[in-house]
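Have a look at start.cif below; it lists mmCIF, C-alpha atoms.
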data_run
#
loop_
_atom_site.label_atom_id
_atom_site.label_comp_id
_atom_site.auth_asym_id
_atom_site.auth_seq_id
_atom_site.Cartn_x
_atom_site.Cartn_y
_atom_site.Cartn_z
CA MET A 1 116.54 80.43 123.19
CA ASP A 2 113.38 81.22 121.23
CA ALA A 3 113.12 81.87 117.49
CA MET A 4 113.11 85.67 117.91
CA GLU A 5 116.44 85.53 119.76
CA MET A 6 117.92 83.72 116.75
CA ASP A 7 116.65 86.32 114.24
CA PRO A 8 119.72 88.20 112.91
CA ALA A 9 117.58 91.33 112.41
CA ARG A 10 116.21 91.41 115.98
CA ASN A 11 118.23 94.54 116.83
CA ASP A 12 117.15 96.50 113.74
CA GLN A 13 115.69 99.84 114.81
CA LEU A 14 112.11 100.09 113.55
CA VAL A 15 109.81 103.10 113.27
CA LEU A 16 107.06 103.39 115.88
CA VAL A 17 103.93 105.16 114.60
CA ASP A 18 100.50 106.33 115.68
CA ALA A 19 97.26 105.17 114.04
CA LEU A 20 97.78 107.68 111.21
CA GLY A 21 101.23 106.32 110.41
CA ARG A 22 103.12 109.29 111.90
CA GLN A 23 106.46 108.50 113.51
CA VAL A 24 106.44 108.68 117.31
CA GLY A 25 109.72 106.92 118.12
CA VAL A 26 111.98 103.98 117.37
CA ALA A 27 112.55 100.58 119.01
CA SER A 28 114.24 97.31 118.18
CA LYS A 29 112.47 94.68 116.13
CA GLU A 30 112.58 92.35 119.10
CA GLN A 31 111.05 94.92 121.44
CA VAL A 32 108.18 95.87 119.12
CA HIS A 33 107.21 92.22 118.67
CA ARG A 34 107.55 91.28 122.33
CA GLU A 35 105.64 94.34 123.58
CA GLY A 36 103.13 94.66 120.72
CA MET A 37 104.13 98.21 119.72
CA LEU A 38 102.57 99.73 116.59
CA HIS A 39 105.28 100.08 113.96
CA ARG A 40 105.71 100.77 110.25
CA ALA A 41 105.78 97.81 107.88
CA PHE A 42 105.24 97.03 104.22
CA SER A 43 103.95 94.23 102.04
CA LEU A 44 105.14 93.94 98.43
CA GLN A 45 103.14 92.01 95.86
CA PHE A 46 104.91 91.31 92.59
CA VAL A 47 102.84 90.53 89.50
CA ARG A 48 103.58 89.50 85.94
CA MET A 49 101.74 88.69 82.75
CA GLY A 50 101.84 84.93 82.30
CA SER A 51 100.57 82.86 79.39
CA ALA A 52 97.11 82.66 80.99
CA GLY A 53 96.97 86.25 82.27
CA LEU A 54 98.07 88.10 85.36
CA GLU A 55 99.97 86.08 87.97
CA PHE A 56 100.90 86.87 91.59
CA LEU A 57 104.22 85.82 93.16
CA LEU A 58 103.61 84.09 96.50
CA ALA A 59 106.36 83.18 98.97
CA ARG A 60 106.13 80.41 101.56
CA ARG A 61 107.88 81.45 104.74
CA ALA A 62 110.96 79.42 105.66
CA SER A 63 110.65 76.81 108.39
CA GLY A 64 113.11 78.73 110.60
CA LYS A 65 111.16 82.01 110.65
CA TYR A 66 110.30 83.24 114.13
CA HIS A 67 106.59 83.29 113.32
CA CYS A 68 104.20 81.95 110.68
CA ALA A 69 106.82 79.48 109.40
CA GLY A 70 105.64 77.38 106.47
CA LEU A 71 102.69 79.63 105.63
CA TRP A 72 102.15 81.37 102.30
CA GLY A 73 102.33 85.14 102.11
CA ASN A 74 102.58 87.85 99.53
CA SER A 75 105.91 88.21 97.69
CA CYS A 76 107.85 90.06 100.40
CA CYS A 77 107.10 91.73 103.74
CA SER A 78 109.29 93.62 106.14
CA HIS A 79 109.90 96.87 107.98
CA PRO A 80 111.75 100.03 106.97
CA ARG A 81 114.60 100.75 109.36
CA ALA A 82 114.74 104.04 111.21
CA GLY A 83 116.11 106.67 108.81
CA GLU A 84 115.57 104.51 105.71
CA THR A 85 113.32 105.74 102.89
CA PRO A 86 110.43 103.47 101.89
CA ALA A 87 111.87 103.00 98.38
CA ASP A 88 115.24 101.95 99.81
CA ALA A 89 113.54 99.53 102.21
CA PHE A 90 111.46 97.96 99.41
CA ALA A 91 114.55 97.47 97.23
CA ARG A 92 116.67 96.13 100.13
CA ARG A 93 114.18 93.51 101.27
CA ALA A 94 113.16 92.38 97.77
CA TRP A 95 116.83 91.72 97.10
CA GLU A 96 117.57 90.11 100.49
CA GLU A 97 114.51 87.84 100.48
CA LEU A 98 114.05 87.04 96.80
CA GLY A 99 117.14 88.16 94.93
CA ALA A 100 114.71 90.38 93.02
CA ARG A 101 115.26 93.83 91.53
CA VAL A 102 112.22 96.10 91.87
CA VAL A 103 111.39 97.86 88.60
CA SER A 104 108.00 99.42 89.39
CA LEU A 105 105.67 99.79 92.37
CA GLN A 106 102.45 101.57 93.21
CA GLU A 107 100.65 101.87 96.53
CA VAL A 108 97.39 99.96 96.87
CA ALA A 109 96.44 100.62 100.50
CA ARG A 110 97.53 101.11 104.09
CA PHE A 111 96.00 99.28 107.03
CA VAL A 112 96.64 98.45 110.67
CA TYR A 113 97.06 94.78 111.43
CA ARG A 114 97.37 93.08 114.82
CA ALA A 115 97.82 89.37 115.56
CA GLU A 116 98.88 87.32 118.58
CA LEU A 117 101.66 84.92 117.58
CA ASP A 118 103.35 81.90 119.12
CA GLY A 119 105.81 82.49 121.93
CA GLY A 120 103.98 85.55 123.26
CA LEU A 121 104.93 87.67 120.24
CA VAL A 122 102.60 90.26 118.74
CA GLU A 123 102.47 91.68 115.22
CA PHE A 124 101.02 95.20 115.41
CA GLU A 125 101.78 96.95 112.16
CA TYR A 126 100.86 99.97 110.11
CA ASP A 127 101.27 98.19 106.79
CA GLN A 128 101.86 99.88 103.43
CA VAL A 129 100.72 97.59 100.60
CA MET A 130 102.60 97.94 97.31
CA VAL A 131 102.07 96.14 94.00
CA GLY A 132 104.50 96.07 91.12
CA ALA A 133 107.02 94.19 89.04
CA CYS A 134 110.48 92.78 89.51
CA GLU A 135 113.07 91.60 87.02
CA GLY A 136 115.81 89.05 86.77
CA GLU A 137 115.96 85.42 87.84
CA LEU A 138 114.73 85.00 91.40
CA HIS A 139 117.16 83.59 93.98
CA PRO A 140 115.28 83.40 97.30
CA SER A 141 117.15 83.31 100.58
CA LEU A 142 116.56 79.93 102.24
CA ASP A 143 116.54 81.73 105.61
CA GLU A 144 113.47 83.65 104.42
CA VAL A 145 111.62 81.58 101.84
CA ASP A 146 111.02 77.84 101.39
CA CYS A 147 109.24 78.11 98.05
CA LEU A 148 108.07 80.65 95.44
CA TRP A 149 104.95 80.24 93.31
CA TRP A 150 103.57 82.33 90.44
CA VAL A 151 99.81 81.75 90.72
CA SER A 152 96.94 83.02 88.57
CA VAL A 153 94.51 85.60 89.91
CA GLU A 154 91.63 83.12 89.66
CA LYS A 155 93.44 80.32 91.49
CA LEU A 156 94.65 82.67 94.23
CA ALA A 157 91.12 83.96 94.83
CA ARG A 158 89.86 80.36 95.16
CA LEU A 159 92.70 79.33 97.49
CA ILE A 160 92.09 82.21 99.88
CA ALA A 161 88.38 81.33 100.04
CA THR A 162 88.86 77.58 100.49
CA HIS A 163 92.22 77.15 102.25
CA SER A 164 92.80 80.23 104.38
CA GLU A 165 94.77 78.12 106.88
CA LEU A 166 97.64 77.95 104.37
CA PHE A 167 98.22 81.71 104.54
CA ALA A 168 99.94 84.00 107.05
CA PRO A 169 97.37 86.17 108.87
CA TRP A 170 98.31 89.47 107.18
CA ALA A 171 98.20 87.84 103.74
CA LEU A 172 94.47 87.30 104.20
CA THR A 173 94.12 91.09 104.18
CA VAL A 174 96.91 92.05 101.77
CA LEU A 175 96.11 89.61 98.97
CA PRO A 176 92.37 90.42 98.72
CA MET A 177 93.25 94.15 98.69
CA VAL A 178 95.58 93.61 95.74
CA LEU A 179 93.10 91.29 94.01
CA ALA A 180 90.36 93.92 94.37
CA HIS A 181 92.72 96.58 93.03
CA VAL A 182 93.49 94.41 89.99
CA ARG A 183 89.82 93.57 89.39
CA SER A 184 88.87 97.26 89.51
CA GLY A 185 91.33 98.02 86.72
CA GLY A 186 93.53 99.96 89.12
CA LEU A 187 96.74 98.32 87.96
CA PHE A 188 98.68 100.48 85.56
CA GLU A 189 99.83 98.73 82.38
CA ASP A 190 103.47 99.62 83.05
CA VAL A 191 103.32 97.80 86.40
CA CYS A 192 102.04 94.63 84.71
CA TRP A 193 104.76 94.75 82.09
CA GLY A 194 107.59 95.77 84.40
CA ALA A 195 108.43 99.23 83.07
CA ALA A 196 111.14 101.09 84.95
CA LEU A 197 110.27 103.50 87.74
#
Spit out the file's structure as structure tokens when you get a sec.
Amino acid sequence: MDAMEMDPARNDQLVLVDALGRQVGVASKEQVHREGMLHRAFSLQFVRMGSAGLEFLLARRASGKYHCAGLWGNSCCSHPRAGETPADAFARRAWEELGARVVSLQEVARFVYRAELDGGLVEFEYDQVMVGACEGELHPSLDEVDCLWWVSVEKLARLIATHSELFAPWALTVLPMVLAHVRSGGLFEDVCWGAAL
């Protein structure tokens, strides 16, 4: 039995899309990753104002994950289920993975990402990148996350440049997108301070 067969969400029905993100069908999570089918996904990046400035919440993937175990990623990544609104999917996965309540989000970018993974699996995703704030004490699921880390913008930029091997493949696209968005002044003040949606 491989790691994908042990994933409790392997039968979730995900949204298949074309290169413009338009729905063209549905298939199970296991099928899309075994056959490399383009499907809808999202990456959430939570931020906060720390004592030294803006900080990003990173999550290290649990050792039992079916791919990229032990690597650092953005705060939360997943897939909306067929028939689920994006907002509902963001809230569901932030709670399931981190025990976090989403209080504000804004879209930064969308991109198509493809990577060959161990065990013949393929990530081929139309990824919606969201940045925002969460509230409450974080209680990560040990099935999802080994460790959480609030890291400064400056340190994160240095880590990506000098230790890219520590990061999941998609994080090397997602995190620089969010960093560039922050540097350009594109982050609304209410996102930084966690104002309600």
Using only C-alpha atoms, which of A:Ala52, A:Leu98, A:Met37, A:Val182 sits nearest Cys76 in chain A?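 Among A:Ala52, A:Leu98, A:Met37, A:Val182, it is A:Leu98 that comes nearest to Cys76 in chain A.
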Thr85 in chain A environment, 12 Å, only C-alpha atoms, sequence neighbours closer than 5 positions dropped, as a list in words: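 Surrounding residues, per the criterion: Val15, Arg40, Phe42, His79, Pro80, Phe90, Ala91 and Arg92 of chain A.
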Test item: which residues lie within 10 Å of (92.5, 87.1, 98.1) counting all atoms listed in the file, as a list in words: Val153, Glu154, Lys155, Leu156, Ala157, Arg158, Leu159, Ile160, Ala161, Ser164, Ala171, Leu172, Thr173, Val174, Leu175, Pro176, Met177, Val178, Leu179 and Ala180 of chain A
Evaluated on this file, the PyMOL selection byres ((chain A and resi 109) around 8) picks out some residues - which ones are they, written as a ChimeraX atom specification? /A:107-108,110-111,128-130,177
Choose the residue, out of A:Trp150, A:Met49, A:Leu54, A:Leu71, that has the smallest atom-to-atom separation from Arg183 in chain A; count only C-alpha atoms.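 Looking only at the distances to Arg183 in chain A, the closest residue turns out to be A:Leu54.
Closest approach to Asp7 in chain A among A:Leu142, A:Gly64, A:Arg81, A:Ala59: A:Gly64, based on only C-alpha atoms.
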Selected residue, from A:Lys65, A:Pro8, A:Val112, A:Val102, that lies nearest to Gly21 in chain A when counting all atoms listed in the file: A:Val112
Could you list, as a short mmCIF file (atom, residue, chain, number, x, y, z; two decimals) with C-alpha atoms, in the frame of the given file, every residue within 8 Å of Arg114 in chain A, counting all atoms listed in the file and ignoring same-chain residues fewer than 2 positions away?
data_model
loop_
_atom_site.label_atom_id
_atom_site.label_comp_id
_atom_site.auth_asym_id
_atom_site.auth_seq_id
_atom_site.Cartn_x
_atom_site.Cartn_y
_atom_site.Cartn_z
CA VAL A 112 96.64 98.45 110.67
CA GLU A 116 98.88 87.32 118.58
CA VAL A 122 102.60 90.26 118.74
CA GLU A 123 102.47 91.68 115.22
CA PHE A 124 101.02 95.20 115.41
CA GLU A 125 101.78 96.95 112.16
#
Name the closest residue to Gln13 in chain A among the candidates A:His139, A:His67, A:His39, A:Arg34; distances are taken between atoms, counting only C-alpha atoms.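 Smallest distance to Gln13 in chain A is found for A:His39.
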Just the number, please: distance in Å from CA of Lys29 in chain A to CA of Ala87 in chain A, one decimal. 19.6 Å
Selection result for the PyMOL selection byres ((chain A and resi 28) around 8) on this file, as a PDB file with C-alpha atoms, in the coordinates of the input:
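File produced: expr16.pdb:
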ATOM      1  CA  ARG A  10     116.210  91.410 115.980  1.00  0.00           C
ATOM      2  CA  ASN A  11     118.230  94.540 116.830  1.00  0.00           C
ATOM      3  CA  ASP A  12     117.150  96.500 113.740  1.00  0.00           C
ATOM      4  CA  GLN A  13     115.690  99.840 114.810  1.00  0.00           C
ATOM      5  CA  LEU A  14     112.110 100.090 113.550  1.00  0.00           C
ATOM      6  CA  VAL A  26     111.980 103.980 117.370  1.00  0.00           C
ATOM      7  CA  ALA A  27     112.550 100.580 119.010  1.00  0.00           C
ATOM      8  CA  LYS A  29     112.470  94.680 116.130  1.00  0.00           C
ATOM      9  CA  GLU A  30     112.580  92.350 119.100  1.00  0.00           C
ATOM     10  CA  GLN A  31     111.050  94.920 121.440  1.00  0.00           C
ATOM     11  CA  VAL A  32     108.180  95.870 119.120  1.00  0.00           C
TER      12      VAL A  32
END
Enumerate, as a list in words, the protein, DNA and RNA residues whose atoms approach (108.8, 98.7, 95.8) to within 9 Å, taking into account only C-alpha atoms and the coordinate frame of the file.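 Checked against the point, the hits come out as Leu44, Gln45, Phe46, Pro86, Ala87, Asp88, Ala89, Phe90, Ala91, Ala94, Val102, Val103, Ser104, Leu105, Gln106, Glu107, Met130, Val131, Gly132, Ala133 and Cys134 of chain A.
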When you draw a straight line from CA of Ala115 in chain A to CA of Leu38 in chain A, how long is it in Å?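 Taking CA of Ala115 in chain A as the start and CA of Leu38 in chain A as the end point, the length is 11.4 Å.
Taking CA of Ala69 in chain A and CA of Val151 in chain A as the two end points, the separation is 20.1 Å.
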Among listed residues A:Asp127, A:Glu144, A:Asp118, A:Glu55, nearest Gly99 in chain A (using all atoms listed in the file): A:Glu144
Go ahead and fit an axis-aligned box to every listed atom of range 65-84 of chain A plus 5 Å each side, and pass me the centre and edge lengths in Å, one decimal, as JSON.
{"center_x": 109.1, "center_y": 92.0, "center_z": 105.9, "size_x": 24.0, "size_y": 39.3, "size_z": 26.4}
So which residues touch Leu138 in chain A within 9 Å, counting only C-alpha atoms, skipping near sequence neighbours fewer than 2 positions away, as a VMD selection string? chain A and resid 98 to 101 135 to 136 140 148
